[in-house]
file coords.csv (CSV, C-alpha atoms)
chain,number,residue,atom,x,y,z
A,10,MET,CA,48.7,-95.4,104.8
A,11,SER,CA,46.8,-96.7,107.9
A,12,VAL,CA,43.9,-99.2,107.3
A,13,ALA,CA,40.9,-99.5,109.7
A,14,LEU,CA,38.1,-101.9,110.0
A,15,ILE,CA,34.8,-100.6,111.4
A,16,THR,CA,31.9,-102.6,112.7
A,17,GLY,CA,28.6,-100.8,113.0
A,18,ALA,CA,29.7,-98.4,110.2
A,19,THR,CA,26.1,-97.8,109.1
A,20,GLY,CA,25.2,-96.8,112.6
A,21,LEU,CA,25.6,-93.5,114.5
A,22,VAL,CA,29.1,-93.6,116.0
A,23,GLY,CA,30.5,-96.0,113.4
A,24,PHE,CA,29.5,-93.8,110.5
A,25,HIS,CA,31.1,-90.7,112.1
A,26,VAL,CA,34.3,-92.7,112.8
A,27,ALA,CA,34.5,-93.7,109.1
A,28,GLU,CA,33.8,-90.1,108.0
A,29,ARG,CA,36.6,-88.7,110.2
A,30,LEU,CA,39.1,-91.5,109.2
A,31,LEU,CA,38.5,-90.9,105.5
A,32,SER,CA,39.1,-87.1,106.0
A,33,ASP,CA,42.4,-88.0,107.7
A,34,GLY,CA,43.5,-90.1,104.8
A,35,TRP,CA,42.9,-93.6,106.2
A,36,THR,CA,41.8,-96.6,104.1
A,37,VAL,CA,38.5,-97.6,105.7
A,38,ARG,CA,36.8,-101.0,105.5
A,39,ALA,CA,33.4,-101.8,107.0
A,40,LEU,CA,32.1,-105.2,108.1
A,41,VAL,CA,28.5,-105.3,106.9
A,42,ARG,CA,25.9,-108.0,106.6
A,43,SER,CA,24.5,-106.6,103.3
A,44,PRO,CA,27.0,-104.8,101.1
A,45,GLN,CA,24.1,-103.8,98.7
A,46,ARG,CA,22.2,-102.0,101.5
A,47,ALA,CA,25.4,-100.6,103.1
A,48,ALA,CA,26.6,-99.1,99.8
A,49,THR,CA,23.7,-96.7,99.8
A,50,ALA,CA,24.5,-95.6,103.4
A,51,LEU,CA,28.3,-95.3,103.2
A,52,ASP,CA,30.7,-93.2,101.3
A,53,GLY,CA,31.8,-94.9,98.1
A,54,ARG,CA,35.4,-94.7,99.4
A,55,VAL,CA,34.6,-97.2,102.1
A,56,GLU,CA,35.5,-100.8,101.3
A,57,LEU,CA,32.7,-103.2,102.1
A,58,ALA,CA,33.5,-106.7,103.6
A,59,ALA,CA,30.5,-109.0,103.8
A,60,GLY,CA,30.2,-110.7,107.1
A,61,ASP,CA,28.8,-110.5,110.6
A,62,VAL,CA,30.3,-109.8,114.0
A,63,LEU,CA,29.0,-113.2,115.1
A,64,ASP,CA,30.7,-115.0,112.3
A,65,GLU,CA,34.3,-115.4,113.5
A,66,ALA,CA,35.7,-116.4,110.0
A,67,SER,CA,34.2,-113.4,108.2
A,68,PHE,CA,35.3,-111.0,110.9
A,69,THR,CA,38.9,-112.4,110.8
A,70,ARG,CA,39.0,-112.1,107.0
A,71,ALA,CA,37.7,-108.5,107.1
A,72,ALA,CA,40.4,-107.5,109.6
A,73,GLU,CA,43.3,-108.8,107.6
A,74,GLY,CA,45.8,-106.1,106.8
A,75,CYS,CA,44.2,-103.6,109.2
A,76,HIS,CA,46.0,-101.5,111.8
A,77,VAL,CA,43.0,-100.7,113.9
A,78,VAL,CA,39.6,-102.4,114.5
A,79,PHE,CA,36.9,-100.0,115.6
A,80,HIS,CA,34.2,-102.1,117.2
A,81,ALA,CA,31.1,-100.0,117.3
A,82,ALA,CA,28.4,-102.6,116.5
A,83,ALA,CA,26.0,-103.4,119.3
A,84,ASN,CA,22.4,-104.2,120.1
A,85,ILE,CA,21.0,-101.1,121.9
A,86,ILE,CA,17.3,-101.7,122.0
A,87,VAL,CA,16.0,-105.2,121.3
A,88,ARG,CA,13.3,-107.5,122.5
A,89,GLY,CA,14.1,-111.0,123.8
A,90,GLY,CA,15.8,-110.3,127.1
A,91,TRP,CA,19.3,-110.9,128.2
A,92,GLU,CA,20.2,-113.3,125.4
A,93,SER,CA,19.5,-110.8,122.7
A,94,TYR,CA,22.0,-108.4,124.2
A,95,ARG,CA,24.6,-111.1,125.3
A,96,VAL,CA,24.9,-112.8,122.0
A,97,THR,CA,25.6,-109.7,119.9
A,98,ASN,CA,27.3,-107.4,122.4
A,99,ILE,CA,29.5,-110.0,124.3
A,100,ASP,CA,30.0,-112.7,121.7
A,101,GLY,CA,30.5,-110.1,119.0
A,102,THR,CA,33.2,-108.4,121.2
A,103,ARG,CA,35.0,-111.8,121.6
A,104,ASN,CA,35.2,-112.1,117.9
A,105,ALA,CA,36.4,-108.5,117.6
A,106,ILE,CA,39.3,-109.4,120.0
A,107,LEU,CA,40.1,-112.6,118.0
A,108,ALA,CA,40.0,-110.7,114.7
A,109,ALA,CA,42.3,-107.9,116.0
A,110,GLN,CA,44.6,-110.4,117.6
A,111,ARG,CA,45.1,-112.4,114.3
A,112,ALA,CA,45.6,-109.2,112.3
A,113,ALA,CA,48.0,-107.8,114.9
A,114,ALA,CA,45.8,-104.7,115.0
A,115,ARG,CA,44.8,-102.4,117.8
A,116,LEU,CA,41.2,-102.7,119.1
A,117,LEU,CA,39.0,-99.7,120.0
A,118,HIS,CA,35.8,-100.8,121.7
A,119,VAL,CA,32.8,-98.4,121.9
A,120,SER,CA,31.4,-99.0,125.3
A,121,SER,CA,29.0,-96.8,127.3
A,122,VAL,CA,28.5,-94.8,130.5
A,123,SER,CA,25.8,-97.4,131.2
A,124,VAL,CA,28.5,-99.4,132.8
A,125,TYR,CA,28.3,-97.1,135.8
A,126,GLY,CA,24.7,-98.0,136.5
A,127,PRO,CA,22.7,-95.9,139.0
A,128,ALA,CA,25.9,-94.9,140.8
A,129,ARG,CA,26.4,-92.1,138.2
A,130,TYR,CA,23.8,-89.9,140.0
A,131,VAL,CA,24.9,-91.0,143.5
A,132,ALA,CA,28.3,-89.6,142.9
A,133,ALA,CA,26.8,-86.3,141.6
A,134,ALA,CA,24.7,-86.1,144.7
A,135,GLN,CA,27.9,-86.3,146.8
A,136,GLY,CA,29.3,-83.3,144.9
A,137,ARG,CA,31.6,-85.0,142.5
A,138,LYS,CA,31.5,-86.0,138.8
A,139,THR,CA,31.4,-89.6,137.7
A,140,ASP,CA,34.8,-90.3,136.2
A,141,GLU,CA,36.7,-93.4,135.4
A,142,SER,CA,37.9,-93.9,139.0
A,143,LEU,CA,34.3,-94.6,140.2
A,144,PRO,CA,34.1,-98.3,141.3
A,145,LEU,CA,31.7,-100.3,139.1
A,146,LYS,CA,29.1,-101.7,141.5
A,147,PRO,CA,26.7,-104.6,140.7
A,148,LEU,CA,24.0,-103.7,138.1
A,149,PRO,CA,20.3,-104.4,138.3
A,150,GLU,CA,19.5,-107.9,136.9
A,151,ARG,CA,17.3,-106.4,134.1
A,152,ALA,CA,19.8,-103.8,133.1
A,153,TYR,CA,20.6,-105.9,130.0
A,154,TYR,CA,22.3,-103.3,127.9
A,155,ALA,CA,24.5,-102.0,130.7
A,156,ARG,CA,25.5,-105.5,131.8
A,157,SER,CA,26.4,-106.5,128.2
A,158,LYS,CA,28.5,-103.4,127.8
A,159,ARG,CA,30.3,-103.8,131.1
A,160,GLU,CA,31.1,-107.5,130.3
A,161,SER,CA,32.3,-106.8,126.8
A,162,GLU,CA,34.4,-103.9,128.0
A,163,GLU,CA,36.0,-106.3,130.6
A,164,LEU,CA,36.8,-108.8,127.8
A,165,VAL,CA,38.8,-106.1,126.0
A,166,ARG,CA,40.6,-105.0,129.2
A,167,ARG,CA,41.5,-108.6,130.1
A,168,ALA,CA,42.7,-109.4,126.6
A,169,HIS,CA,45.0,-106.4,126.8
A,170,VAL,CA,46.3,-107.3,130.2
A,171,GLU,CA,47.0,-110.8,129.0
A,172,GLY,CA,48.9,-109.5,126.0
A,173,ARG,CA,46.6,-111.0,123.4
A,174,VAL,CA,45.6,-107.7,121.9
A,175,TRP,CA,46.3,-103.9,122.4
A,176,GLY,CA,42.8,-102.7,123.4
A,177,THR,CA,41.1,-99.6,124.7
A,178,ALA,CA,37.5,-98.4,125.2
A,179,VAL,CA,35.5,-95.2,125.1
A,180,ARG,CA,32.4,-94.6,127.1
A,181,PRO,CA,30.0,-92.0,125.5
A,182,CYS,CA,26.8,-90.8,127.2
A,183,VAL,CA,23.7,-90.2,125.1
A,184,VAL,CA,25.0,-89.7,121.6
A,185,TYR,CA,23.2,-87.6,119.0
A,186,GLY,CA,23.9,-86.4,115.4
A,187,ARG,CA,23.2,-87.4,111.9
A,188,ARG,CA,22.3,-91.1,111.5
A,189,ASP,CA,20.8,-91.2,115.0
A,190,ARG,CA,18.0,-93.8,115.1
A,191,GLN,CA,17.4,-93.6,118.8
A,192,PHE,CA,17.6,-90.3,120.7
A,193,VAL,CA,16.9,-87.7,118.1
A,194,PRO,CA,13.8,-89.4,116.7
A,195,ARG,CA,12.4,-89.9,120.2
A,196,MET,CA,13.0,-86.2,121.1
A,197,ALA,CA,11.5,-85.1,117.8
A,198,GLN,CA,8.4,-87.2,118.5
A,199,LEU,CA,8.1,-85.8,122.0
A,200,MET,CA,8.1,-82.3,120.6
A,201,LYS,CA,5.5,-83.2,117.9
A,202,ARG,CA,3.2,-84.8,120.4
A,203,GLY,CA,2.9,-81.9,122.8
A,204,ALA,CA,4.5,-80.1,125.6
A,205,ILE,CA,8.0,-80.8,127.0
A,206,PRO,CA,8.2,-81.3,130.8
A,207,LEU,CA,10.5,-78.5,132.1
A,208,LEU,CA,11.9,-79.3,135.5
A,209,ARG,CA,13.8,-76.7,137.5
A,210,GLY,CA,13.4,-74.2,134.7
A,211,GLY,CA,15.2,-76.4,132.2
A,212,ARG,CA,18.5,-75.2,133.6
A,213,ALA,CA,20.1,-78.6,134.0
A,214,THR,CA,22.9,-79.5,131.5
A,215,MET,CA,22.0,-82.5,129.4
A,216,GLY,CA,24.2,-85.6,129.4
A,217,VAL,CA,24.6,-85.7,125.6
A,218,VAL,CA,27.5,-85.7,123.2
A,219,HIS,CA,27.8,-85.3,119.5
A,220,ALA,CA,28.7,-88.4,117.4
A,221,ALA,CA,31.5,-86.5,115.6
A,222,ASN,CA,33.1,-85.6,118.9
A,223,VAL,CA,32.8,-89.2,120.0
A,224,ALA,CA,34.5,-90.3,116.8
A,225,ASP,CA,37.4,-87.9,117.4
A,226,GLY,CA,37.9,-89.3,120.9
A,227,ALA,CA,37.7,-92.9,119.7
A,228,ILE,CA,40.4,-92.3,117.0
A,229,LEU,CA,42.6,-90.5,119.6
A,230,ALA,CA,42.3,-93.4,122.0
A,231,ALA,CA,43.0,-95.9,119.3
A,232,THR,CA,46.2,-94.1,118.2
A,233,SER,CA,47.5,-93.1,121.6
A,234,ASP,CA,49.9,-95.5,123.3
A,235,ILE,CA,48.9,-94.2,126.7
A,236,ALA,CA,45.3,-95.5,126.2
A,237,GLY,CA,46.1,-99.2,126.1
A,238,GLY,CA,44.1,-101.1,128.7
A,239,LYS,CA,42.0,-98.1,129.7
A,240,ALA,CA,38.5,-96.7,129.2
A,241,TYR,CA,37.7,-93.1,128.7
A,242,ASN,CA,34.5,-91.1,129.2
A,243,LEU,CA,33.5,-89.1,126.2
A,244,THR,CA,30.6,-87.2,127.8
A,245,ASN,CA,31.3,-83.5,127.9
A,246,ASP,CA,31.8,-81.8,124.6
A,247,PHE,CA,29.9,-78.6,125.3
A,248,ASP,CA,27.3,-77.8,128.0
A,249,VAL,CA,23.8,-77.4,126.7
A,250,THR,CA,20.8,-77.0,129.0
A,251,VAL,CA,17.5,-78.9,128.6
A,252,ARG,CA,15.7,-75.7,127.5
A,253,ARG,CA,18.4,-74.7,125.1
A,254,PHE,CA,18.6,-78.2,123.6
A,255,PHE,CA,14.9,-78.3,122.7
A,256,GLU,CA,15.1,-74.7,121.4
A,257,LEU,CA,17.9,-75.8,119.0
A,258,ALA,CA,16.0,-78.9,118.1
A,259,GLY,CA,13.0,-76.7,117.3
A,260,ASP,CA,15.3,-74.7,114.9
A,261,GLY,CA,16.2,-77.9,113.2
A,262,LEU,CA,12.6,-79.1,112.9
A,263,GLY,CA,11.2,-75.7,112.0
A,264,ARG,CA,8.8,-75.6,115.0
A,265,ARG,CA,8.8,-73.8,118.3
A,266,PRO,CA,9.0,-76.1,121.3
A,267,ILE,CA,6.1,-75.9,123.9
A,268,PHE,CA,7.4,-76.1,127.4
A,269,LEU,CA,5.4,-77.3,130.4
A,270,PRO,CA,6.9,-76.1,133.7
A,271,MET,CA,6.6,-78.9,136.3
A,272,PRO,CA,7.4,-78.8,140.0
A,273,MET,CA,9.7,-81.5,141.2
A,274,TRP,CA,7.3,-82.8,143.8
A,275,LEU,CA,4.8,-83.5,141.0
A,276,ALA,CA,7.4,-85.2,138.8
A,277,ARG,CA,8.7,-87.3,141.6
A,278,GLY,CA,5.3,-88.5,142.4
A,279,ALA,CA,4.4,-89.5,138.8
A,280,LEU,CA,6.5,-92.7,138.6
A,281,ARG,CA,4.3,-94.3,136.0
A,282,SER,CA,4.7,-91.3,133.8
A,283,ALA,CA,8.4,-91.2,134.5
A,284,LYS,CA,8.7,-94.8,133.3
A,285,ALA,CA,6.9,-93.9,130.1
A,286,LEU,CA,9.1,-90.9,129.7
A,287,SER,CA,12.2,-93.1,130.2
A,288,ARG,CA,11.2,-95.4,127.4
A,289,LEU,CA,10.5,-92.4,125.2
A,290,LEU,CA,13.8,-90.7,126.0
A,291,THR,CA,16.1,-93.7,125.6
A,292,GLY,CA,14.1,-96.7,124.6
A,293,GLY,CA,15.5,-98.5,127.6
A,294,ARG,CA,19.1,-98.0,126.6
A,295,PHE,CA,20.1,-96.6,130.0
A,296,SER,CA,17.5,-98.2,132.1
A,297,LEU,CA,16.1,-94.9,133.2
A,298,VAL,CA,13.1,-95.9,135.2
A,299,GLY,CA,11.3,-93.9,137.8
A,300,ASN,CA,13.2,-91.1,139.4
A,301,ALA,CA,16.2,-91.7,137.2
A,302,ALA,CA,14.2,-90.6,134.1
A,303,ILE,CA,13.5,-87.4,136.0
A,304,ASP,CA,17.2,-87.0,136.9
A,305,PHE,CA,18.0,-87.0,133.2
A,306,LEU,CA,15.9,-83.8,132.7
A,307,ALA,CA,16.4,-82.2,136.1
A,308,GLU,CA,20.0,-82.9,137.1
A,309,ASP,CA,23.2,-81.7,135.5
A,310,ASN,CA,25.3,-84.0,133.3
A,311,PRO,CA,26.9,-86.2,136.0
A,312,PHE,CA,30.0,-87.2,134.0
A,313,SER,CA,33.5,-86.0,133.6
A,314,SER,CA,35.7,-86.3,130.5
A,315,GLU,CA,38.8,-84.7,132.0
A,316,LEU,CA,40.9,-87.9,131.6
A,317,ALA,CA,40.3,-87.9,127.8
A,318,LYS,CA,41.0,-84.3,127.5
A,319,ARG,CA,44.2,-84.6,129.6
A,320,GLU,CA,45.7,-87.8,128.3
A,321,LEU,CA,44.3,-87.9,124.8
A,322,GLY,CA,44.1,-84.2,124.0
A,323,TRP,CA,40.4,-84.6,123.2
A,324,ARG,CA,39.2,-81.2,121.9
A,325,PRO,CA,35.5,-81.5,120.7
A,326,ARG,CA,34.8,-79.6,117.5
A,327,VAL,CA,31.0,-79.7,116.9
A,328,ARG,CA,29.1,-77.3,119.2
A,329,PRO,CA,25.4,-77.8,120.1
A,330,GLU,CA,24.5,-74.7,118.2
A,331,ASP,CA,25.5,-76.5,115.0
A,332,GLY,CA,25.2,-80.1,115.9
A,333,VAL,CA,21.7,-80.2,117.5
A,334,VAL,CA,20.2,-78.1,114.7
A,335,ASP,CA,21.8,-80.2,112.0
A,336,ALA,CA,20.8,-83.5,113.6
A,337,PHE,CA,17.1,-82.6,113.9
A,338,ARG,CA,17.1,-81.0,110.4
A,339,TRP,CA,18.7,-84.2,109.0
A,340,TRP,CA,16.1,-86.4,110.7
A,341,SER,CA,13.3,-84.2,109.4
A,342,ALA,CA,14.6,-84.4,105.9
A,343,GLN,CA,14.8,-88.2,106.0
A,344,ARG,CA,11.2,-88.3,107.1
call {"tool": "encode", "arguments": {"input": "coords.csv", "output": "structure tokens"}}
result
Amino acid sequence: MSVALITGATGLVGFHVAERLLSDGWTVRALVRSPQRAATALDGRVELAAGDVLDEASFTRAAEGCHVVFHAAANIIVRGGWESYRVTNIDGTRNAILAAQRAAARLLHVSSVSVYGPARYVAAAQGRKTDESLPLKPLPERAYYARSKRESEELVRRAHVEGRVWGTAVRPCVVYGRRDRQFVPRMAQLMKRGAIPLLRGGRATMGVVHAANVADGAILAATSDIAGGKAYNLTNDFDVTVRRFFELAGDGLGRRPIFLPMPMWLARGALRSAKALSRLLTGGRFSLVGNAAIDFLAEDNPFSSELAKRELGWRPRVRPEDGVVDAFRWWSAQR
């Protein structure tokens, strides 16, 4: 029987990875800071190892006997500037590499499409999707999350090239689903506060992906020899337009969304509002400021997941008609 260690198992992606591994018959262990608190959040079948991603010794102990380490823990939205992201995201990944190396385990790193930076929409404007072949250009200095994910992903790639560990990475876009503490709550609050800006009729496909589908892709990458040293976009499970997304969210919340049609010229001119919308949409996770916040609601999903589908056989299972409704219903019930 295969044994997996998961960091961030009480979070969105980590929880869904654990759930899928358990259903597939794996033994699942979680590195958690507080076993007492984690016990209420995780299935009783998950082994709990007390420790921290920043504590090399506890991380190494937790990884003993494991075949795969799924490193999903990361700071997404924190105060304190670059250091707050660097310490957890980069130093934590260094420890994940060491733990996997000492356990002779494979390492799956959960990265992010934020590594592409603003170039993701530049490629779309040129008529092509952003895929893994897009060169990674310098990121804005204050794009702390994106910088930390790019550097941590590079650590994993370099460790693989040097033969210290077998490593691979996945790059999801905006992830939603049960256990979401970021995107779904913000969208729900937006709906409760008033009208939803509807740009270009709400026809744009949203750059979102369900956490269960990300978990499937992560497990496929971790168990596919071809994935070693690579990174895969997990960004296109099923197309859902902006209007349809909020309609499904309304079904989950038990309330009908109110749409406010807005011309692009007005949206483009309201940069201050766009920045506020950016913080509401992502909490700063993807550094959507100014026009980029508008792009998220007005432009089609700029990413491609064809490499994951072709090389890993990624076939998403959870459709928006089920996943969006369920995510918002779960959030409402937790409230």
call {"tool": "closest_residue", "arguments": {"input": "coords.csv", "among": "A:Ile106, A:Ala178, A:Leu145, A:Val251", "to": "Val119 in chain A", "atoms": "only C-alpha atoms"}}
result
A:Ala178
call {"tool": "residues_around", "arguments": {"input": "coords.csv", "residues": "range 44-55 of chain A", "least_positions_apart": "5", "cutoff": "12 Å", "atoms": "all atoms listed in the file", "output": "ChimeraX atom specification"}}
result
/A:12-21,23-32,34-39,60-61,187-188
call {"tool": "closest_residue", "arguments": {"input": "coords.csv", "among": "A:Glu320, A:Glu92, A:Glu256, A:Asp246", "to": "Ala230 in chain A", "atoms": "only C-alpha atoms"}}
result
A:Glu320
call {"tool": "atom_distance", "arguments": {"input": "coords.csv", "atom1": "CA of Val131 in chain A", "atom2": "CA of Phe312 in chain A"}}
result
11.4 Å
call {"tool": "atom_distance", "arguments": {"input": "coords.csv", "atom1": "CA of Asp234 in chain A", "atom2": "CA of Leu164 in chain A"}}
result
19.2 Å
call {"tool": "residues_around", "arguments": {"input": "coords.csv", "residues": "Arg166 in chain A", "least_positions_apart": "3", "cutoff": "9 Å", "atoms": "all atoms listed in the file", "output": "list in words"}}
result
Ser161, Glu162, Glu163, His169, Val170, Glu171, Trp175, Gly176, Thr177, Ala178, Gly237, Gly238, Lys239 and Ala240 of chain A
call {"tool": "closest_residue", "arguments": {"input": "coords.csv", "among": "A:Trp339, A:Phe247, A:Phe79, A:Tyr125", "to": "Arg324 in chain A", "atoms": "only C-alpha atoms"}}
result
A:Phe247
call {"tool": "residues_near_point", "arguments": {"input": "coords.csv", "point": "(21.4, -111.0, 120.0)", "cutoff": "12 Å", "atoms": "all atoms listed in the file", "output": "PyMOL selection string"}}
result
chain A and resi 61-63+82-101+153-154+157
call {"tool": "closest_residue", "arguments": {"input": "coords.csv", "among": "A:Gly210, A:Pro311, A:Ala336, A:Ser341", "to": "Ala133 in chain A", "atoms": "only C-alpha atoms"}}
result
A:Pro311
